file query-v4.txt (compact mmCIF, C-alpha atoms and all ligand atoms)
# COMPACT_ATOMS: atom_id res chain seq x y z
CA MET A 69 -2.39 -94.45 98.96
CA SER A 70 -5.06 -92.09 100.30
CA GLU A 71 -8.80 -92.59 99.69
CA VAL A 72 -8.71 -89.74 97.15
CA ASP A 73 -5.74 -91.21 95.22
CA CYS A 74 -7.80 -94.39 94.73
CA ILE A 75 -10.43 -92.47 92.74
CA GLN A 76 -9.50 -93.32 89.16
CA SER A 77 -12.34 -91.98 87.07
CA LEU A 78 -14.88 -89.18 86.92
CA ARG A 79 -17.59 -91.83 87.22
CA ASP A 80 -16.09 -93.10 90.52
CA LEU A 81 -15.92 -89.58 91.87
CA LEU A 82 -19.22 -88.14 90.63
CA GLY A 83 -21.33 -91.34 90.76
CA PRO A 84 -22.43 -91.20 94.42
CA TYR A 85 -23.37 -87.51 94.14
CA ALA A 86 -25.20 -88.19 90.86
CA LEU A 87 -27.33 -90.85 92.58
CA ARG A 88 -28.13 -88.48 95.38
CA VAL A 89 -29.26 -85.64 93.11
CA GLU A 90 -31.21 -88.06 90.90
CA GLU A 91 -33.30 -89.03 93.93
CA LEU A 92 -33.91 -85.39 94.83
CA LEU A 93 -34.90 -84.42 91.29
CA ASP A 94 -37.17 -87.44 91.07
CA ARG A 95 -38.88 -86.23 94.25
CA TRP A 96 -39.08 -82.52 93.37
CA VAL A 97 -39.86 -82.49 89.63
CA PRO A 98 -42.51 -81.60 88.76
CA GLU A 99 -44.04 -79.65 91.62
CA PRO A 100 -47.67 -80.43 92.56
CA GLY A 101 -50.32 -79.11 90.20
CA VAL A 102 -48.34 -79.35 86.95
CA PRO A 103 -50.36 -80.66 83.97
CA GLU A 104 -49.37 -84.25 83.21
CA ASP A 105 -47.83 -83.73 79.75
CA LEU A 106 -45.76 -80.75 80.87
CA GLY A 107 -44.61 -82.69 83.93
CA LYS A 108 -43.54 -85.59 81.70
CA ALA A 109 -41.49 -83.28 79.50
CA MET A 110 -39.85 -81.68 82.55
CA ARG A 111 -38.86 -85.09 83.90
CA TYR A 112 -37.51 -86.20 80.52
CA CYS A 113 -35.22 -83.14 80.52
CA VAL A 114 -33.79 -83.64 84.02
CA LEU A 115 -33.84 -87.31 84.98
CA ASP A 116 -31.43 -90.06 84.10
CA GLY A 117 -28.64 -88.25 82.37
CA GLY A 118 -25.52 -86.16 82.47
CA LYS A 119 -22.45 -86.17 84.67
CA ARG A 120 -24.17 -84.09 87.38
CA LEU A 121 -20.98 -82.09 87.77
CA ARG A 122 -22.60 -78.97 89.20
CA PRO A 123 -24.58 -80.71 91.98
CA ALA A 124 -21.46 -82.74 92.84
CA LEU A 125 -19.56 -79.46 93.22
CA VAL A 126 -22.18 -78.17 95.65
CA PHE A 127 -21.89 -81.34 97.77
CA MET A 128 -18.10 -81.50 97.55
CA THR A 129 -17.50 -77.90 98.59
CA ASN A 130 -20.08 -78.27 101.36
CA GLU A 131 -18.06 -81.25 102.64
CA ALA A 132 -14.70 -79.55 102.10
CA VAL A 133 -15.66 -76.47 104.08
CA GLY A 134 -17.54 -78.63 106.58
CA THR A 135 -18.09 -75.97 109.23
CA ALA A 136 -20.16 -77.05 112.24
CA GLY A 137 -23.73 -75.86 111.77
CA GLY A 138 -23.48 -76.08 107.98
CA ASP A 139 -26.76 -77.15 106.52
CA GLU A 140 -27.10 -80.33 104.49
CA GLU A 141 -30.69 -79.78 103.40
CA LEU A 142 -29.69 -76.42 101.99
CA ALA A 143 -26.84 -78.06 100.05
CA GLU A 144 -29.30 -80.65 98.69
CA ARG A 145 -31.67 -77.92 97.54
CA ALA A 146 -28.82 -75.93 95.98
CA ALA A 147 -27.53 -79.06 94.20
CA ALA A 148 -30.94 -79.80 92.68
CA ALA A 149 -31.53 -76.14 91.81
CA VAL A 150 -28.30 -75.69 89.88
CA GLU A 151 -28.92 -78.90 87.92
CA LEU A 152 -32.42 -77.65 87.05
CA ILE A 153 -30.91 -74.44 85.67
CA HIS A 154 -28.26 -76.38 83.78
CA CYS A 155 -30.91 -78.68 82.25
CA TYR A 156 -33.09 -75.76 81.17
CA SER A 157 -30.06 -74.15 79.51
CA LEU A 158 -29.34 -77.34 77.57
CA VAL A 159 -32.98 -77.67 76.43
CA HIS A 160 -33.07 -74.07 75.18
CA ASP A 161 -29.56 -74.26 73.69
CA ASP A 162 -30.58 -77.31 71.65
CA LEU A 163 -33.56 -75.52 70.03
CA PRO A 164 -33.48 -74.80 66.29
CA ALA A 165 -33.26 -71.05 67.01
CA MET A 166 -30.10 -71.60 69.06
CA ASP A 167 -27.62 -74.43 68.50
CA ASP A 168 -30.13 -76.72 66.72
CA ASP A 169 -29.13 -80.14 68.06
CA ASP A 170 -30.94 -83.47 67.78
CA LEU A 171 -28.98 -85.46 70.34
CA ARG A 172 -28.36 -84.73 74.02
CA ARG A 173 -27.19 -87.11 76.73
CA GLY A 174 -27.49 -89.93 74.19
CA ARG A 175 -31.21 -89.29 73.60
CA PRO A 176 -33.32 -87.16 71.25
CA THR A 177 -33.33 -83.53 72.38
CA ALA A 178 -36.48 -82.20 74.06
CA HIS A 179 -37.86 -80.41 70.98
CA VAL A 180 -37.34 -83.53 68.85
CA GLN A 181 -39.20 -85.59 71.46
CA PHE A 182 -42.01 -83.17 72.37
CA GLY A 183 -42.00 -80.34 69.79
CA GLN A 184 -40.55 -76.86 70.12
CA ALA A 185 -43.38 -75.23 72.05
CA MET A 186 -43.29 -77.89 74.78
CA ALA A 187 -39.47 -77.78 74.92
CA ILE A 188 -39.51 -74.01 75.44
CA LEU A 189 -42.13 -74.32 78.18
CA ALA A 190 -40.38 -77.26 79.86
CA GLY A 191 -37.17 -75.16 79.93
CA ASP A 192 -39.08 -72.20 81.41
CA ALA A 193 -40.64 -74.50 83.99
CA LEU A 194 -37.27 -75.96 85.05
CA LEU A 195 -35.73 -72.51 85.39
CA THR A 196 -38.58 -71.40 87.62
CA ARG A 197 -38.68 -74.65 89.59
CA ALA A 198 -35.00 -74.15 90.51
CA PHE A 199 -35.93 -71.16 92.64
CA SER A 200 -38.96 -72.73 94.30
CA VAL A 201 -36.90 -75.82 95.21
CA LEU A 202 -34.24 -73.57 96.71
CA THR A 203 -36.53 -71.31 98.69
CA GLU A 204 -39.49 -73.48 99.75
CA CYS A 205 -37.59 -74.71 102.84
CA LEU A 206 -37.84 -71.11 104.16
CA MET A 207 -34.36 -71.16 105.65
CA PRO A 208 -32.83 -67.71 106.06
CA LYS A 209 -29.80 -68.60 103.94
CA SER A 210 -31.86 -69.94 101.03
CA CYS A 211 -32.49 -66.36 99.94
CA LYS A 212 -28.73 -65.72 99.74
CA LEU A 213 -28.26 -68.88 97.67
CA ALA A 214 -31.15 -67.94 95.37
CA PHE A 215 -29.46 -64.58 94.77
CA GLU A 216 -26.11 -66.26 93.94
CA LEU A 217 -27.82 -68.61 91.49
CA ALA A 218 -29.97 -65.91 89.88
CA VAL A 219 -27.00 -63.63 89.24
CA ALA A 220 -24.92 -66.49 87.79
CA ALA A 221 -27.73 -67.74 85.53
CA GLY A 222 -29.01 -64.29 84.56
CA ALA A 223 -28.34 -61.54 82.07
CA ALA A 224 -24.90 -60.68 83.45
CA GLY A 225 -23.98 -64.38 83.69
CA MET A 226 -24.97 -67.41 81.63
CA VAL A 227 -27.49 -65.54 79.46
CA ALA A 228 -24.86 -62.89 78.60
CA GLY A 229 -22.42 -65.66 77.67
CA GLN A 230 -24.98 -67.33 75.42
CA ALA A 231 -25.86 -63.98 73.79
CA GLY A 232 -22.16 -63.33 73.13
CA ASP A 233 -21.63 -66.85 71.82
CA MET A 234 -24.54 -66.43 69.41
CA GLU A 235 -23.15 -63.06 68.27
CA LEU A 236 -26.26 -61.28 69.54
CA CYS A 237 -24.12 -58.75 71.37
CA GLU A 238 -20.66 -57.38 70.80
CA VAL A 239 -17.67 -59.12 72.34
CA PRO A 240 -13.95 -58.58 71.77
CA LYS A 241 -12.26 -60.73 69.12
CA GLY A 242 -9.87 -63.61 69.84
CA ARG A 243 -8.91 -65.07 73.23
CA GLU A 244 -10.28 -62.09 75.15
CA GLY A 245 -13.73 -62.57 73.60
CA LEU A 246 -13.69 -66.31 74.18
CA ASP A 247 -12.84 -65.78 77.86
CA PHE A 248 -15.60 -63.16 78.12
CA ILE A 249 -18.16 -65.59 76.69
CA HIS A 250 -17.14 -68.71 78.54
CA LEU A 251 -16.54 -67.16 81.96
CA ARG A 252 -20.24 -66.33 81.73
CA LYS A 253 -21.79 -69.14 79.69
CA THR A 254 -19.93 -72.06 81.29
CA ALA A 255 -17.94 -70.96 84.33
CA SER A 256 -20.59 -68.82 86.05
CA LEU A 257 -22.85 -71.80 86.99
CA ILE A 258 -19.79 -73.77 88.10
CA VAL A 259 -18.67 -70.87 90.31
CA ALA A 260 -22.22 -70.56 91.69
CA SER A 261 -22.18 -74.29 92.52
CA VAL A 262 -19.03 -74.12 94.62
CA ARG A 263 -20.10 -70.87 96.27
CA MET A 264 -23.50 -72.29 97.20
CA GLY A 265 -21.85 -75.41 98.62
CA ALA A 266 -19.48 -73.29 100.66
CA ILE A 267 -22.11 -70.81 101.84
CA SER A 268 -24.42 -73.66 102.91
CA ALA A 269 -21.52 -74.87 105.10
CA ASN A 270 -20.99 -71.40 106.63
CA ALA A 271 -17.71 -70.67 104.82
CA ASN A 272 -15.62 -67.71 105.92
CA GLU A 273 -14.35 -65.09 103.43
CA LYS A 274 -11.05 -66.85 102.83
CA GLN A 275 -12.73 -70.19 102.09
CA LEU A 276 -15.27 -68.50 99.82
CA ARG A 277 -12.51 -66.76 97.86
CA ALA A 278 -10.60 -70.04 97.56
CA VAL A 279 -13.54 -72.01 96.14
CA SER A 280 -14.60 -69.13 93.85
CA ASN A 281 -11.11 -68.99 92.29
CA TYR A 282 -11.13 -72.78 92.00
CA GLY A 283 -14.56 -72.68 90.31
CA GLU A 284 -13.50 -70.02 87.82
CA SER A 285 -10.39 -71.98 86.81
CA ILE A 286 -12.11 -75.36 86.42
CA GLY A 287 -15.08 -73.66 84.74
CA LEU A 288 -12.93 -72.15 82.00
CA ALA A 289 -10.82 -75.31 81.72
CA PHE A 290 -14.07 -77.28 81.32
CA GLN A 291 -14.93 -75.23 78.22
CA LEU A 292 -11.43 -75.55 76.74
CA VAL A 293 -11.67 -79.34 77.13
CA ASP A 294 -15.19 -79.23 75.64
CA ASP A 295 -13.77 -77.47 72.58
CA LEU A 296 -11.01 -80.07 72.33
CA LEU A 297 -13.61 -82.86 72.56
CA ASP A 298 -15.63 -81.22 69.79
CA VAL A 299 -12.64 -81.95 67.55
CA THR A 300 -11.43 -85.27 68.99
CA GLY A 301 -14.47 -86.73 70.85
CA LYS A 302 -16.64 -89.71 69.91
CA VAL A 303 -20.42 -89.47 69.65
CA GLU A 304 -20.93 -92.68 71.73
CA LEU A 305 -19.04 -91.18 74.65
CA LEU A 306 -20.21 -87.59 74.33
CA GLY A 307 -23.91 -88.39 73.84
CA LYS A 308 -24.07 -85.37 71.53
CA THR A 309 -22.83 -84.65 68.03
CA PRO A 310 -19.12 -83.78 67.92
CA GLY A 311 -17.64 -81.55 65.21
CA LYS A 312 -20.64 -79.20 65.11
CA ASP A 313 -18.77 -76.08 66.22
CA HIS A 314 -15.96 -76.86 63.85
CA ALA A 315 -18.34 -77.45 60.90
CA SER A 316 -20.31 -74.25 61.58
CA GLY A 317 -17.12 -72.17 61.56
CA LYS A 318 -17.89 -70.93 65.07
CA GLN A 319 -15.04 -69.35 67.05
CA THR A 320 -13.79 -71.79 69.67
CA TYR A 321 -10.57 -72.01 71.66
CA VAL A 322 -9.36 -74.65 69.20
CA SER A 323 -10.21 -72.66 66.08
CA VAL A 324 -8.58 -69.50 67.47
CA LEU A 325 -5.58 -70.95 69.35
CA GLY A 326 -5.11 -74.46 67.92
CA VAL A 327 -5.17 -77.81 69.72
CA ASP A 328 -1.77 -77.57 71.45
CA GLU A 329 -2.24 -74.09 72.86
CA THR A 330 -5.79 -74.97 74.01
CA ARG A 331 -4.44 -78.09 75.79
CA SER A 332 -1.68 -76.08 77.41
CA ILE A 333 -4.07 -73.37 78.73
CA ALA A 334 -6.43 -76.07 80.07
CA ASP A 335 -3.47 -77.61 81.95
CA THR A 336 -2.42 -74.23 83.36
CA LEU A 337 -5.97 -73.51 84.54
CA THR A 338 -6.17 -76.93 86.17
CA HIS A 339 -2.94 -76.22 88.02
CA GLN A 340 -4.29 -72.82 89.11
CA ALA A 341 -7.46 -74.53 90.39
CA MET A 342 -5.37 -76.84 92.58
CA GLU A 343 -3.39 -73.90 93.93
CA ALA A 344 -6.59 -71.98 94.65
CA ILE A 345 -7.88 -74.63 97.05
CA ALA A 346 -4.59 -75.08 98.90
CA PRO A 347 -5.97 -73.02 101.84
CA LEU A 348 -8.56 -75.79 102.43
CA GLY A 349 -5.77 -78.27 103.20
CA ALA A 350 -6.53 -82.00 102.98
CA ALA A 351 -10.29 -81.25 103.02
CA GLY A 352 -9.85 -79.93 99.48
CA ASP A 353 -8.13 -83.06 98.12
CA LYS A 354 -11.28 -84.41 96.44
CA LEU A 355 -11.81 -81.09 94.67
CA GLY A 356 -8.21 -81.24 93.47
CA ARG A 357 -8.73 -84.75 92.15
CA LEU A 358 -11.89 -83.58 90.36
CA ALA A 359 -10.00 -80.75 88.63
CA LYS A 360 -7.42 -83.25 87.33
CA LEU A 361 -10.00 -85.81 86.16
CA LEU A 362 -12.04 -83.11 84.42
CA SER A 363 -9.02 -81.94 82.47
CA GLU A 364 -8.40 -85.52 81.28
CA ARG A 365 -12.06 -86.36 80.53
CA SER A 366 -13.25 -88.00 77.32
CA HIS A 367 -16.92 -86.94 77.63
C1 LIG A 401 -29.95 -71.03 76.88
C2 LIG A 401 -29.29 -69.13 78.39
C3 LIG A 401 -28.93 -70.36 77.70
C4 LIG A 401 -27.68 -70.82 77.85
C5 LIG A 401 -27.21 -72.06 77.24
C6 LIG A 401 -25.43 -74.61 78.59
C7 LIG A 401 -25.42 -73.69 77.44
C8 LIG A 401 -25.79 -72.25 77.66
C9 LIG A 401 -25.14 -74.16 76.25
C10 LIG A 401 -24.86 -75.61 75.97
C11 LIG A 401 -23.73 -75.78 75.05
C12 LIG A 401 -22.40 -75.70 75.70
C13 LIG A 401 -21.25 -76.28 74.99
C14 LIG A 401 -22.26 -75.12 76.86
C15 LIG A 401 -21.02 -75.01 77.59
C16 LIG A 401 -21.24 -75.65 78.89
C17 LIG A 401 -21.24 -77.09 78.71
C18 LIG A 401 -19.98 -77.71 78.30
C19 LIG A 401 -22.36 -77.75 78.91
C20 LIG A 401 -22.45 -79.21 78.94
O1 LIG A 401 -22.23 -79.53 80.28
P1 LIG A 401 -21.93 -80.98 80.79
O2 LIG A 401 -20.81 -81.56 79.97
O3 LIG A 401 -23.28 -81.73 80.42
O4 LIG A 401 -21.72 -80.91 82.26
P2 LIG A 401 -23.99 -82.95 81.17
O5 LIG A 401 -24.91 -83.53 80.13
O6 LIG A 401 -22.92 -83.92 81.61
O7 LIG A 401 -24.72 -82.35 82.33
call {"tool": "encode", "arguments": {"input": "query-v4.txt", "output": "structure tokens"}}
result
Amino acid sequence: MSEVDCIQSLRDLLGPYALRVEELLDRWVPEPGVPEDLGKAMRYCVLDGGKRLRPALVFMTNEAVGTAGGDEELAERAAAAVELIHCYSLVHDDLPAMDDDDLRRGRPTAHVQFGQAMAILAGDALLTRAFSVLTECLMPKSCKLAFELAVAAGAAGMVAGQAGDMELCEVPKGREGLDFIHLRKTASLIVASVRMGAISANANEKQLRAVSNYGESIGLAFQLVDDLLDVTGKVELLGKTPGKDHASGKQTYVSVLGVDETRSIADTLTHQAMEAIAPLGAAGDKLGRLAKLLSERSH
């Protein structure tokens, strides 16, 4: 049995990367000069929680590409930056004006803990801090990574997906509309994570294409599984309230396609993700294992 075959759970696989990014976030959040109460709220929103999937993807693709001269500090900064963006998006998504949630990562959401005004500002501060973390090392490639992250998180990426999901802009009906929304809302940060990991390791075009296709497939599969968990998941495992999308009558993969079809598309996407990274050879085995474990996850 290879080292990768021995990895039995998402926790086994993501745990070491989660510890590493926790240390970085603890060091970098907040930046110097932040008022104490705002700094406390920022730390509440980022520390001690979540699977840390996106930072793990940065580290794993950096290792998988592993070109000589690839920069580890840049990968560390990219890993922390993408988690900061992800955390801001969760804080803002949980607000009463958006998804209106009380529970996140097994704890009260930021606006329940600190009030709405502080939650909005803490989210703004995390979004901004992502780019100062990424660029303050003044490495030439940090600008390229900042561009990748900004485009993925911005108005043609995650923000567009959120606007579509909240019916603030027009999207096609049915499967086409769901793919439009979730390629942006969920997959775009996942694609940015693998691309930043690969770019920080000096990936060539072929490697970059391989990890981008992998990221898009696992990113969409991640959302399909999230929709399945909204119907079948348990609050203790999810750390958030299941059944909300279903109860609100929101269009999800499950409500549009049903449980079986959603499961089957998630499996197909997972298979496509594995095929996408075949050009990386054995160096991509861990990424393949991750795709499989993500499709089987219970939280
Ligand atoms: C506010 C611009 C803006 C966007 C919000 C992230 C988001 C977009 C909404 C959150 C709700 C949701 C279901 C998003 C889909 C992506 C997703 C499944 C997020 C949860 O990611 P996990 O499971 O969370 O990686 P942890 O807590 O493990 O980090």
call {"tool": "closest_residue", "arguments": {"input": "query-v4.txt", "among": "A:Ala86, A:Ala185, A:Leu276, A:Val72", "to": "A:Ala147", "atoms": "all atoms listed in the file"}}
result
A:Ala86
call {"tool": "closest_residue", "arguments": {"input": "query-v4.txt", "among": "A:Asp247, A:Asp105, A:Glu273, A:Asp192", "to": "A:Ser157", "atoms": "all atoms listed in the file"}}
result
A:Asp192
call {"tool": "atom_distance", "arguments": {"input": "query-v4.txt", "atom1": "atom CA of A:Ser280", "atom2": "atom CA of A:Ile258"}}
result
9.0 Å
call {"tool": "residues_near_ligand", "arguments": {"input": "query-v4.txt", "ligand": "ligand LIG 401 (chain A)", "cutoff": "7 Å", "atoms": "all atoms listed in the file", "output": "number ranges by chain"}}
result
A: 117-121, 154, 157-158, 160-161, 173, 226-227, 230, 253-254, 290-291, 294
call {"tool": "atom_distance", "arguments": {"input": "query-v4.txt", "atom1": "atom CA of A:Ala193", "atom2": "atom CA of A:Ala255"}}
result
23.0 Å
call {"tool": "residues_around", "arguments": {"input": "query-v4.txt", "residues": "A:Arg95", "least_positions_apart": "2", "cutoff": "12 Å", "atoms": "all atoms listed in the file", "output": "count of residues only"}}
result
17
call {"tool": "closest_residue", "arguments": {"input": "query-v4.txt", "among": "A:Ala178, A:Val133, A:Ala260, A:Ala198", "to": "A:Lys274", "atoms": "all atoms listed in the file"}}
result
A:Val133
call {"tool": "atom_distance", "arguments": {"input": "query-v4.txt", "atom1": "atom CA of A:Gly134", "atom2": "atom CA of A:Ala269"}}
result
5.7 Å
call {"tool": "closest_residue", "arguments": {"input": "query-v4.txt", "among": "A:Val219, A:Ala132, A:Val279, A:Val102", "to": "A:Arg252", "atoms": "all atoms listed in the file"}}
result
A:Val219
call {"tool": "residues_around", "arguments": {"input": "query-v4.txt", "residues": "A:Ile333", "least_positions_apart": "4", "cutoff": "9 Å", "atoms": "only C-alpha atoms", "output": "JSON list (two decimals) with C-alpha atoms, in the frame of the given file"}}
result
[["chain", "number", "residue", "atom", "x", "y", "z"],
["A", 289, "ALA", "CA", -10.82, -75.31, 81.72],
["A", 292, "LEU", "CA", -11.43, -75.55, 76.74],
["A", 328, "ASP", "CA", -1.77, -77.57, 71.45],
["A", 329, "GLU", "CA", -2.24, -74.09, 72.86],
["A", 337, "LEU", "CA", -5.97, -73.51, 84.54],
["A", 338, "THR", "CA", -6.17, -76.93, 86.17]]
call {"tool": "closest_residue", "arguments": {"input": "query-v4.txt", "among": "A:Trp96, A:Leu325, A:Lys241, A:Arg122", "to": "A:Leu202", "atoms": "all atoms listed in the file"}}
result
A:Trp96
call {"tool": "closest_residue", "arguments": {"input": "query-v4.txt", "among": "A:Ile286, A:Ala165, A:Ala124, A:Val180", "to": "A:Gly356", "atoms": "only C-alpha atoms"}}
result
A:Ile286
call {"tool": "residues_around", "arguments": {"input": "query-v4.txt", "residues": "A:Met166", "least_positions_apart": "3", "cutoff": "12 Å", "atoms": "only C-alpha atoms", "output": "list in words"}}
result
Ser157, Leu158, Val159, His160, Asp161, Asp162, Leu163, Asp169, Asp170, His179, Gln184, Ile188, Gln230, Ala231, Asp233, Met234, Glu235 and Leu236 of chain A
call {"tool": "residues_around", "arguments": {"input": "query-v4.txt", "residues": "stretch 341-354 of chain A", "least_positions_apart": "4", "cutoff": "12 Å", "atoms": "only C-alpha atoms", "output": "JSON, numbers by chain"}}
result
{"A": [70, 71, 72, 73, 74, 75, 76, 78, 80, 81, 82, 124, 125, 127, 128, 129, 130, 131, 132, 133, 134, 135, 259, 262, 266, 271, 272, 273, 274, 275, 276, 277, 278, 279, 280, 281, 282, 283, 284, 285, 286, 287, 288, 289, 290, 334, 335, 336, 337, 358, 359, 360, 361, 362, 363]}
call {"tool": "build_atoms", "arguments": {"input": "query-v4.txt", "residues": "stretch 240-251 of chain A", "atoms": "N, CA and C atoms", "output": "PDB file, in the coordinates of the input"}}
result
ATOM      1  N   PRO A 240     -15.255 -58.746  72.417  1.00  0.00           N
ATOM      2  CA  PRO A 240     -13.950 -58.580  71.770  1.00  0.00           C
ATOM      3  C   PRO A 240     -13.602 -59.799  70.916  1.00  0.00           C
ATOM      4  N   LYS A 241     -12.696 -59.611  69.974  1.00  0.00           N
ATOM      5  CA  LYS A 241     -12.260 -60.730  69.120  1.00  0.00           C
ATOM      6  C   LYS A 241     -11.212 -61.579  69.852  1.00  0.00           C
ATOM      7  N   GLY A 242     -10.982 -62.784  69.377  1.00  0.00           N
ATOM      8  CA  GLY A 242      -9.870 -63.610  69.840  1.00  0.00           C
ATOM      9  C   GLY A 242     -10.040 -64.149  71.250  1.00  0.00           C
ATOM     10  N   ARG A 243      -8.916 -64.431  71.906  1.00  0.00           N
ATOM     11  CA  ARG A 243      -8.910 -65.070  73.230  1.00  0.00           C
ATOM     12  C   ARG A 243      -9.722 -64.279  74.251  1.00  0.00           C
ATOM     13  N   GLU A 244      -9.579 -62.938  74.180  1.00  0.00           N
ATOM     14  CA  GLU A 244     -10.280 -62.090  75.150  1.00  0.00           C
ATOM     15  C   GLU A 244     -11.802 -62.292  75.062  1.00  0.00           C
ATOM     16  N   GLY A 245     -12.288 -62.366  73.817  1.00  0.00           N
ATOM     17  CA  GLY A 245     -13.730 -62.570  73.600  1.00  0.00           C
ATOM     18  C   GLY A 245     -14.169 -63.948  74.050  1.00  0.00           C
ATOM     19  N   LEU A 246     -13.338 -64.945  73.765  1.00  0.00           N
ATOM     20  CA  LEU A 246     -13.690 -66.310  74.180  1.00  0.00           C
ATOM     21  C   LEU A 246     -13.773 -66.391  75.705  1.00  0.00           C
ATOM     22  N   ASP A 247     -12.799 -65.766  76.386  1.00  0.00           N
ATOM     23  CA  ASP A 247     -12.840 -65.780  77.860  1.00  0.00           C
ATOM     24  C   ASP A 247     -14.091 -65.037  78.362  1.00  0.00           C
ATOM     25  N   PHE A 248     -14.405 -63.910  77.714  1.00  0.00           N
ATOM     26  CA  PHE A 248     -15.600 -63.160  78.120  1.00  0.00           C
ATOM     27  C   PHE A 248     -16.837 -64.057  78.030  1.00  0.00           C
ATOM     28  N   ILE A 249     -16.977 -64.732  76.905  1.00  0.00           N
ATOM     29  CA  ILE A 249     -18.160 -65.590  76.690  1.00  0.00           C
ATOM     30  C   ILE A 249     -18.194 -66.737  77.692  1.00  0.00           C
ATOM     31  N   HIS A 250     -17.078 -67.442  77.808  1.00  0.00           N
ATOM     32  CA  HIS A 250     -17.140 -68.710  78.540  1.00  0.00           C
ATOM     33  C   HIS A 250     -17.023 -68.558  80.060  1.00  0.00           C
ATOM     34  N   LEU A 251     -16.473 -67.425  80.508  1.00  0.00           N
ATOM     35  CA  LEU A 251     -16.540 -67.160  81.960  1.00  0.00           C
ATOM     36  C   LEU A 251     -18.006 -67.012  82.359  1.00  0.00           C
TER      37      LEU A 251
END
